[in-house]
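What follows is the content of target-v6.txt, which has compact mmCIF, C-alpha atoms:
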# COMPACT_ATOMS: atom_id res chain seq x y z
CA MET A 673 130.00 113.02 105.31
CA ALA A 674 126.63 114.71 105.58
CA ASP A 675 123.69 112.67 106.68
CA GLU A 676 121.97 112.22 103.28
CA LEU A 677 118.93 110.42 104.60
CA GLU A 678 118.23 113.14 107.17
CA LEU A 679 118.67 115.70 104.39
CA LEU A 680 115.88 113.98 102.47
CA ARG A 681 113.61 113.98 105.50
CA ARG A 682 114.30 117.62 106.36
CA ALA A 683 113.82 118.69 102.75
CA ASP A 684 110.09 118.03 102.95
CA PRO A 685 108.77 117.33 106.47
CA VAL A 686 105.85 114.91 106.72
CA PRO A 687 102.54 116.60 107.59
CA ALA A 688 101.26 115.96 111.08
CA ASP A 689 98.26 114.03 109.79
CA ALA A 690 100.27 111.79 107.47
CA SER A 691 102.23 108.63 108.16
CA PRO A 692 105.97 109.42 108.00
CA LEU A 693 106.55 105.98 106.51
CA GLY A 694 103.74 105.73 103.98
CA ASP A 695 104.00 104.22 100.54
CA GLY A 696 103.34 107.36 98.52
CA PRO A 697 105.85 109.03 96.21
CA LEU A 698 108.57 111.29 97.60
CA PRO A 699 107.53 114.98 97.78
CA ALA A 700 108.93 117.25 95.06
CA ARG A 701 111.67 118.87 97.14
CA ALA A 702 112.72 115.53 98.57
CA GLU A 703 112.89 114.10 95.04
CA HIS A 704 115.11 117.06 94.09
CA HIS A 705 117.50 116.37 96.95
CA LEU A 706 117.42 112.67 96.15
CA GLU A 707 118.44 113.43 92.57
CA GLN A 708 121.35 115.51 93.89
CA LEU A 709 122.43 112.64 96.12
CA LEU A 710 122.05 109.95 93.50
CA HIS A 711 123.92 111.92 90.86
CA GLY A 712 126.75 112.97 93.11
CA PRO A 713 130.29 111.60 92.81
CA SER A 714 130.21 108.03 91.53
CA THR A 715 132.54 105.16 92.12
CA ASP A 716 134.68 103.60 89.44
CA PRO A 717 132.30 102.99 86.50
CA GLY A 718 134.12 99.78 85.74
CA ARG A 719 133.09 98.36 89.09
CA THR A 720 129.96 96.35 88.37
CA ALA A 721 129.43 94.40 91.57
CA VAL A 722 125.98 95.26 92.95
CA ARG A 723 125.33 95.00 96.67
CA PHE A 724 121.82 93.83 97.48
CA LEU A 725 119.95 94.27 100.74
CA ARG A 726 119.32 90.58 101.30
CA PRO A 727 122.61 89.42 102.82
CA ALA A 728 121.01 86.87 105.15
CA ARG A 729 120.82 84.18 102.49
CA ARG A 730 124.44 84.68 101.60
CA ARG A 731 125.57 84.69 105.21
CA ALA A 732 123.02 82.50 106.97
CA ARG A 733 125.42 79.62 107.53
CA ALA A 734 128.76 81.33 106.97
CA ALA A 735 131.05 82.05 109.92
CA TRP A 736 132.69 85.45 110.13
CA SER A 737 136.43 85.75 110.67
CA LEU A 738 137.78 85.98 114.22
CA THR A 739 138.28 89.71 113.71
CA ALA A 740 134.65 90.16 112.69
CA VAL A 741 133.47 88.12 115.68
CA ALA A 742 135.46 90.36 117.97
CA VAL A 743 133.85 93.42 116.40
CA VAL A 744 130.41 91.85 116.89
CA ALA A 745 131.15 91.24 120.56
CA VAL A 746 132.25 94.85 121.04
CA THR A 747 129.27 96.16 119.08
CA VAL A 748 126.79 94.07 121.06
CA SER A 749 128.32 95.28 124.32
CA VAL A 750 127.90 98.86 123.12
CA LEU A 751 124.28 98.13 122.23
CA LEU A 752 123.57 96.65 125.62
CA LEU A 753 125.71 98.87 127.85
CA GLY A 754 125.66 102.19 126.02
CA GLY A 755 128.67 104.27 125.11
CA THR A 756 127.31 106.52 122.34
CA ALA A 757 125.90 110.02 122.56
CA ALA A 758 122.45 108.85 121.49
CA PRO A 759 120.93 105.58 122.71
CA PRO A 760 121.59 102.99 119.99
CA ALA A 761 118.74 101.07 118.42
CA VAL A 762 118.75 97.31 118.87
CA ALA A 763 118.15 96.34 115.28
CA ALA A 764 116.55 92.92 115.69
CA PRO A 765 112.81 93.26 115.00
CA ARG A 766 110.13 91.15 116.63
CA PRO A 767 107.93 89.02 114.36
CA LEU A 768 104.88 90.84 113.08
CA ALA A 769 101.71 90.11 115.02
CA VAL A 770 98.85 88.82 112.89
CA VAL A 771 95.27 89.58 113.92
CA ALA A 772 93.56 86.31 113.06
CA ASP A 773 90.20 86.70 111.33
CA ALA A 774 87.39 84.18 111.54
CA THR A 775 87.32 84.25 107.74
CA PRO A 776 90.62 85.68 106.41
CA VAL A 777 90.49 87.16 102.92
CA PRO A 778 91.41 84.55 100.28
CA MET A 779 94.12 85.57 97.85
CA ASP A 780 91.81 85.27 94.83
CA ARG A 781 89.41 87.79 96.37
CA LEU A 782 92.29 90.18 96.90
CA ALA A 783 93.32 89.62 93.28
CA ASP A 784 89.78 90.64 92.26
CA ARG A 785 90.20 93.85 94.22
CA ALA A 786 93.56 94.49 92.56
CA GLU A 787 92.04 94.11 89.11
CA ARG A 788 89.22 96.51 89.95
CA ALA A 789 91.73 99.01 91.32
CA ALA A 790 93.81 98.73 88.14
CA ALA A 791 90.70 99.30 85.99
CA ASP A 792 90.03 102.51 87.91
CA GLY A 793 93.55 103.79 87.21
CA GLY A 794 96.45 104.02 89.58
CA PRO A 795 100.20 104.44 89.72
CA ALA A 796 102.31 103.61 86.68
CA LEU A 797 105.17 101.14 86.38
CA ARG A 798 108.55 102.65 87.26
CA ARG A 799 111.97 101.15 86.85
CA GLY A 800 113.93 101.13 90.09
CA THR A 801 113.00 100.42 93.68
CA HIS A 802 112.79 101.81 97.20
CA VAL A 803 113.13 99.06 99.78
CA ARG A 804 113.84 98.88 103.50
CA SER A 805 115.17 95.62 104.88
CA TRP A 806 116.32 93.88 108.03
CA SER A 807 118.51 90.79 107.62
CA LEU A 808 120.13 88.45 110.10
CA GLY A 809 123.81 87.56 110.05
CA MET A 810 124.85 84.49 112.03
CA SER A 811 128.19 83.11 113.12
CA ASP A 812 129.47 79.92 114.71
CA ASP A 813 131.32 81.97 117.35
CA GLY A 814 129.36 85.19 117.83
CA PRO A 815 125.80 86.27 118.56
CA PRO A 816 123.46 86.87 115.61
CA VAL A 817 123.03 90.50 114.62
CA THR A 818 120.43 92.20 112.45
CA LEU A 819 121.42 94.81 109.89
CA PRO A 820 118.76 97.38 108.91
CA GLU A 821 119.30 99.05 105.53
CA GLU A 822 117.45 101.19 103.02
CA ARG A 823 118.12 101.15 99.27
CA VAL A 824 116.91 103.55 96.59
CA VAL A 825 117.56 102.75 92.92
CA ARG A 826 116.71 105.25 90.21
CA TRP A 827 117.10 104.94 86.42
CA THR A 828 117.66 107.71 83.92
CA ALA A 829 116.42 107.99 80.33
CA ASP A 830 119.85 107.18 78.92
CA GLY A 831 119.92 103.75 80.62
CA ARG A 832 122.15 104.63 83.58
CA HIS A 833 121.07 103.83 87.12
CA THR A 834 122.14 104.96 90.55
CA GLU A 835 121.98 103.10 93.84
CA LEU A 836 122.02 104.73 97.26
CA VAL A 837 122.26 102.46 100.31
CA VAL A 838 122.09 103.78 103.86
CA ALA A 839 122.04 102.19 107.30
CA THR A 840 118.80 103.16 109.00
CA ASP A 841 115.97 101.70 111.03
CA PRO A 842 112.70 103.65 110.56
CA ARG A 843 111.44 102.31 113.90
CA HIS A 844 114.17 104.32 115.67
CA PRO A 845 114.83 107.54 113.70
CA GLY A 846 117.98 109.36 114.69
CA ARG A 847 119.48 106.53 116.72
CA PRO A 848 122.71 104.68 115.80
CA VAL A 849 122.23 101.27 114.21
CA LEU A 850 124.34 98.36 113.04
CA GLY A 851 125.90 98.67 109.62
CA GLU A 852 128.69 96.78 107.95
CA ASP A 853 131.88 97.45 106.04
CA GLU A 854 132.57 96.30 102.50
CA ASP A 855 134.19 93.14 103.86
CA GLY A 856 131.05 92.30 105.87
CA THR A 857 132.39 93.40 109.27
CA PRO A 858 129.50 94.77 111.37
CA ARG A 859 129.96 98.07 113.22
CA LEU A 860 127.83 100.71 114.89
CA VAL A 861 127.07 103.69 112.61
CA GLU A 862 124.93 106.79 112.76
CA ASP A 863 121.38 106.68 111.43
CA GLY A 864 121.47 107.53 107.75
CA HIS A 865 125.15 106.59 107.33
CA VAL A 866 125.84 106.05 103.62
CA LEU A 867 126.99 102.49 103.07
CA SER A 868 127.36 102.86 99.32
CA ARG A 869 126.47 105.25 96.53
CA ARG A 870 127.15 104.08 93.00
CA THR A 871 126.37 105.07 89.45
CA TYR A 872 126.27 102.35 86.80
CA PRO A 873 126.75 102.74 83.04
CA PRO A 874 123.89 102.29 80.58
CA SER A 875 122.30 98.86 80.42
CA TRP A 876 119.85 97.87 77.71
CA SER A 877 119.29 94.20 78.51
CA ASP A 878 115.88 92.87 77.47
CA ALA A 879 116.07 89.75 79.67
CA PRO A 880 114.01 89.53 82.87
CA PRO A 881 114.16 91.17 85.34
CA GLN A 882 115.74 94.02 83.34
CA SER A 883 112.90 94.08 80.81
CA PRO A 884 109.51 95.52 81.88
CA PRO A 885 107.21 92.95 83.51
CA PRO A 886 104.03 92.06 81.58
CA ARG A 887 100.51 92.85 82.77
CA ASP A 888 99.05 89.41 82.01
CA PRO A 889 99.36 86.78 84.80
CA GLU A 890 100.42 83.90 82.53
CA ARG A 891 102.96 86.02 80.67
CA LEU A 892 104.19 87.26 84.03
CA ARG A 893 104.66 83.66 85.16
CA THR A 894 106.82 82.97 82.10
CA TYR A 895 108.75 86.18 82.77
CA LEU A 896 109.46 85.18 86.38
CA GLU A 897 110.40 81.63 85.38
CA GLU A 898 112.97 83.08 83.01
CA ALA A 899 114.23 85.46 85.69
CA GLN A 900 114.59 82.54 88.14
CA HIS A 901 116.01 80.19 85.47
CA SER A 902 113.28 77.70 86.34
CA ASP A 903 110.89 75.64 84.23
CA THR A 904 108.13 75.85 86.84
CA LEU A 905 107.82 77.97 89.96
CA ASP A 906 107.01 76.23 93.23
CA THR A 907 105.97 78.38 96.18
CA PRO A 908 109.48 79.21 97.48
CA GLU A 909 110.64 80.06 93.95
CA LEU A 910 107.56 82.18 93.35
CA LEU A 911 108.27 84.16 96.50
CA ASP A 912 111.93 84.52 95.54
CA ALA A 913 110.88 85.68 92.07
CA THR A 914 108.53 88.24 93.64
CA VAL A 915 111.42 89.65 95.67
CA LEU A 916 113.62 89.78 92.57
CA LEU A 917 110.90 91.60 90.64
CA LEU A 918 110.26 94.17 93.38
CA ASP A 919 113.98 94.75 93.90
CA ASN A 920 114.14 95.90 90.27
CA TRP A 921 110.74 97.48 89.54
CA THR A 922 108.17 99.61 91.34
CA LEU A 923 104.99 98.03 89.98
CA GLY A 924 102.10 99.97 88.57
CA ALA A 925 98.48 99.04 89.24
CA PRO A 926 98.16 96.63 86.24
CA GLU A 927 101.40 94.83 87.09
CA SER A 928 100.40 94.54 90.76
CA ALA A 929 97.07 93.04 89.69
CA ALA A 930 98.84 90.49 87.48
CA LEU A 931 101.17 89.53 90.32
CA ALA A 932 98.28 89.24 92.78
CA ARG A 933 96.42 86.92 90.39
CA LEU A 934 99.56 84.82 89.90
CA LEU A 935 100.04 84.54 93.67
CA ALA A 936 96.36 83.61 94.05
CA GLU A 937 96.94 80.59 91.84
CA ASP A 938 99.47 79.23 94.34
CA THR A 939 97.47 76.92 96.61
CA GLU A 940 100.22 76.66 99.24
CA LEU A 941 99.96 80.29 100.31
CA ARG A 942 97.28 80.37 103.02
CA PRO A 943 95.56 83.48 104.38
CA VAL A 944 96.05 84.06 108.11
CA GLY A 945 94.55 87.48 108.85
CA ARG A 946 95.32 91.17 109.13
CA VAL A 947 98.68 92.70 109.96
CA THR A 948 100.33 96.11 110.25
CA ASP A 949 103.67 96.10 108.49
CA ARG A 950 106.90 97.65 109.77
CA LEU A 951 106.13 100.93 108.05
CA GLY A 952 102.74 101.23 109.73
CA ARG A 953 100.68 100.15 106.71
CA PRO A 954 97.66 97.82 107.03
CA GLY A 955 97.78 94.60 105.06
CA HIS A 956 96.57 91.04 104.68
CA ALA A 957 99.02 88.26 105.49
CA TYR A 958 99.57 85.01 103.56
CA VAL A 959 101.90 82.33 104.90
CA PHE A 960 103.99 79.45 103.59
CA GLU A 961 105.98 77.16 105.91
CA GLN A 962 108.73 74.73 104.97
CA ALA A 963 112.03 73.38 106.37
CA GLY A 964 112.06 75.34 109.61
CA LEU A 965 111.10 78.67 108.03
CA ARG A 966 107.88 80.65 107.86
CA ARG A 967 107.51 83.14 105.03
CA MET A 968 104.75 85.71 105.32
CA LEU A 969 103.72 87.81 102.35
CA ILE A 970 101.89 91.08 103.11
CA LEU A 971 99.55 92.64 100.54
CA ASN A 972 97.71 95.93 100.45
CA PRO A 973 94.05 95.18 101.35
CA VAL A 974 92.68 97.52 98.66
CA THR A 975 95.09 97.42 95.72
CA GLY A 976 96.63 93.97 96.20
CA ALA A 977 100.13 95.43 95.90
CA VAL A 978 102.89 93.55 97.72
CA LEU A 979 103.99 95.56 100.76
CA GLY A 980 106.48 93.22 102.38
CA LEU A 981 107.83 89.75 102.99
CA GLU A 982 108.94 88.41 106.37
CA THR A 983 110.89 85.20 106.98
CA THR A 984 111.07 83.81 110.52
CA PHE A 985 112.54 80.66 112.02
CA THR A 986 110.07 78.06 113.24
CA GLU A 987 112.73 75.87 114.87
CA ASP A 988 115.58 76.63 117.26
CA GLN A 989 119.10 76.61 115.83
CA PRO A 990 121.20 76.80 119.00
CA GLU A 991 124.47 76.43 117.10
CA TYR A 992 123.80 79.90 115.66
CA GLY A 993 122.08 81.40 118.70
CA VAL A 994 118.74 81.45 116.87
CA GLN A 995 115.39 80.60 118.43
CA ALA A 996 112.04 79.81 116.89
CA GLY A 997 110.29 83.10 116.14
CA ASP A 998 113.46 85.06 115.36
CA VAL A 999 113.20 87.15 112.19
CA MET A 1000 115.66 85.98 109.55
CA GLU A 1001 114.91 88.76 107.08
CA TYR A 1002 112.27 91.30 106.18
CA SER A 1003 111.74 93.55 103.16
CA ALA A 1004 109.28 96.44 102.86
CA TRP A 1005 108.79 98.07 99.46
CA THR A 1006 107.46 101.59 98.92
CA ARG A 1007 107.00 103.89 95.96
Write out the structure in this file as structure tokens.
Amino acid sequence: MADELELLRRADPVPADASPLGDGPLPARAEHHLEQLLHGPSTDPGRTAVRFLRPARRRARAAWSLTAVAVVAVTVSVLLLGGTAAPPAVAAPRPLAVVADATPVPMDRLADRAERAAADGGPALRRGTHVRSWSLGMSDDGPPVTLPEERVVRWTADGRHTELVVATDPRHPGRPVLGEDEDGTPRLVEDGHVLSRRTYPPSWSDAPPQSPPPRDPERLRTYLEEAQHSDTLDTPELLDATVLLLDNWTLGAPESAALARLLAEDTELRPVGRVTDRLGRPGHAYVFEQAGLRRMLILNPVTGAVLGLETTFTEDQPEYGVQAGDVMEYSAWTR
């Protein structure tokens, strides 16, 4: 199978003075190739199971089968000792380093910036998403491994949508990375290996998160509460709802401003300083800690748009081979 992701990159090379991992829209030729990829052969239209890029929560405390553990051991030995034509990329990322400011930017000030940016115009709301993620799988019997994936979801005017998922780590372009089979078995694959490519039949649901998100903070809160099936959103639920929203929609400037204002109303998210995210973008970091986990939300310093969310362990879990500071999962959204 051709390397679809590399095809996208070769279709429209990034200029020398531009970041290859920026958050701008895909160039025209790359969009054309993406359309060809996304509208290629589809799987059985009756198959409705959607595979999301956040497997860590599903697998965090689930042991793999003995066969899977054996595969992990072989894969880790390949990672450490070599054995492939190109040096493989060790997928596990290090926690992002925050540059502490004497006076970090409060969330409400960033929400003010987002509202000014929205008033000046900006990108429009778009259904679908483009997200890169790293997620940790743990086992009782094997070492933890991190799976880097990229997912692009596009919708058409007739209500159909396509989902392309590839195994890739943008920190190590061209190098083999860990992927996994349909049954969850991890294995070493080439960069850009297609994990799944599906086309889904028309869907016209008007329930969140399928319906468009509102531009008003209070209406957005109600929308997210409905999406989370919750009467009120505490901080963890608000962060989960943010992920759910961004895994379904690419927000426009007004929607990003509404989300920033809603996040600013959460008093448990504390500003910690400046950070450069995993795609090389500058941002401001806001942290919430609870039950051995640290969740760090990263926002664009000018527009207030959510760039990423990182979850790290703050306590050792030796039974799973996890130490404090290990990254449990990370998502980075782009346009």
**Prompt:** Can you tell me how far atom CA of Pro990 of chain A sits from atom CA of Arg766 of chain A, in Å to one decimal?
**Reply:**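 Answer for the atom CA of Pro990 of chain A to atom CA of Arg766 of chain A separation: 18.3 Å.
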**Request:** Pick out the residues sitting within 12 Å of segment 986-989 of chain A, and hand them over as a VMD selection string; count only C-alpha atoms, and ignore anything fewer than 2 positions along from it in its own chain.
**Result:** chain A and resid 732 to 733 767 810 to 812 816 960 to 967 983 to 984 991 to 1000
**Asked** Distance atom CA of Ala929 of chain A-atom CA of Ala791 of chain A, one decimal place?
**Response**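 So the two atoms, atom CA of Ala929 of chain A and atom CA of Ala791 of chain A, lie 9.7 Å apart.
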**Of the listed residues A:Ala764, A:Ala930, A:Leu969, A:Ala977, that which approaches Val944 of chain A most closely, counting only C-alpha atoms** =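 Selected residue with least distance to Val944 of chain A: A:Leu969.
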Within 9 Å of (118.6, 108.1, 113.8) (file coordinates; all atoms listed in the file), which protein or nucleic acid residues are there? I'd like them as a PDB file with C-alpha atoms, keeping the file's coordinate frame.
ATOM      1  CA  GLU A 678     118.230 113.140 107.170  1.00  0.00           C
ATOM      2  CA  ALA A 758     122.450 108.850 121.490  1.00  0.00           C
ATOM      3  CA  PRO A 760     121.590 102.990 119.990  1.00  0.00           C
ATOM      4  CA  ALA A 761     118.740 101.070 118.420  1.00  0.00           C
ATOM      5  CA  THR A 840     118.800 103.160 109.000  1.00  0.00           C
ATOM      6  CA  ASP A 841     115.970 101.700 111.030  1.00  0.00           C
ATOM      7  CA  PRO A 842     112.700 103.650 110.560  1.00  0.00           C
ATOM      8  CA  HIS A 844     114.170 104.320 115.670  1.00  0.00           C
ATOM      9  CA  PRO A 845     114.830 107.540 113.700  1.00  0.00           C
ATOM     10  CA  GLY A 846     117.980 109.360 114.690  1.00  0.00           C
ATOM     11  CA  ARG A 847     119.480 106.530 116.720  1.00  0.00           C
ATOM     12  CA  PRO A 848     122.710 104.680 115.800  1.00  0.00           C
ATOM     13  CA  VAL A 849     122.230 101.270 114.210  1.00  0.00           C
ATOM     14  CA  GLU A 862     124.930 106.790 112.760  1.00  0.00           C
ATOM     15  CA  ASP A 863     121.380 106.680 111.430  1.00  0.00           C
ATOM     16  CA  GLY A 864     121.470 107.530 107.750  1.00  0.00           C
TER      17      GLY A 864
END
**Prompt:** By how many Å are atom CA of Glu897 of chain A and atom CA of Arg799 of chain A apart?
**Reply:** 19.6 Å
**Prompt:** For Ala839 of chain A, which residue among A:Thr948, A:Thr894, A:Ser868, A:Thr907 is the nearest when counting only C-alpha atoms?
**Reply:**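 Answer, going by the shortest atom-to-atom distance: A:Ser868.
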**Message:** List the spatial neighbours of Tyr1002 of chain A as number ranges by chain - criterion: any atom at most 12 Å away, all atoms listed in the file, same-chain residues fewer than 6 positions off excluded.
**Reply:** A: 725-729, 763-768, 803-808, 818-822, 915, 949-951, 966-970, 979-984
Export of the given selection (C-alpha atoms) as a compact mmCIF listing (two decimals), keeping the file's coordinate frame:
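Here's the written file part.txt:
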# COMPACT_ATOMS: atom_id res chain seq x y z
CA LEU A 725 119.95 94.27 100.74
CA ARG A 726 119.32 90.58 101.30
CA PRO A 727 122.61 89.42 102.82
CA ALA A 728 121.01 86.87 105.15
CA ARG A 729 120.82 84.18 102.49
CA ALA A 763 118.15 96.34 115.28
CA ALA A 764 116.55 92.92 115.69
CA PRO A 765 112.81 93.26 115.00
CA ARG A 766 110.13 91.15 116.63
CA PRO A 767 107.93 89.02 114.36
CA LEU A 768 104.88 90.84 113.08
CA VAL A 803 113.13 99.06 99.78
CA ARG A 804 113.84 98.88 103.50
CA SER A 805 115.17 95.62 104.88
CA TRP A 806 116.32 93.88 108.03
CA SER A 807 118.51 90.79 107.62
CA LEU A 808 120.13 88.45 110.10
CA THR A 818 120.43 92.20 112.45
CA LEU A 819 121.42 94.81 109.89
CA PRO A 820 118.76 97.38 108.91
CA GLU A 821 119.30 99.05 105.53
CA GLU A 822 117.45 101.19 103.02
CA VAL A 915 111.42 89.65 95.67
CA ASP A 949 103.67 96.10 108.49
CA ARG A 950 106.90 97.65 109.77
CA LEU A 951 106.13 100.93 108.05
CA ARG A 966 107.88 80.65 107.86
CA ARG A 967 107.51 83.14 105.03
CA MET A 968 104.75 85.71 105.32
CA LEU A 969 103.72 87.81 102.35
CA ILE A 970 101.89 91.08 103.11
CA LEU A 979 103.99 95.56 100.76
CA GLY A 980 106.48 93.22 102.38
CA LEU A 981 107.83 89.75 102.99
CA GLU A 982 108.94 88.41 106.37
CA THR A 983 110.89 85.20 106.98
CA THR A 984 111.07 83.81 110.52
**Prompt:** Nearest to Glu937 of chain A among A:His833, A:Arg843, A:His956, A:Arg781, with distances taken over all atoms listed in the file: which residue is it?
**Reply:**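 Smallest separation from Glu937 of chain A among the options: A:Arg781.
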**Prompt:** Using only C-alpha atoms, which of the listed residues (A:Ala786, A:Leu850, A:Met779, A:Leu918) sits closest to Val825 of chain A?
**Reply:**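 Closest candidate: A:Leu918.
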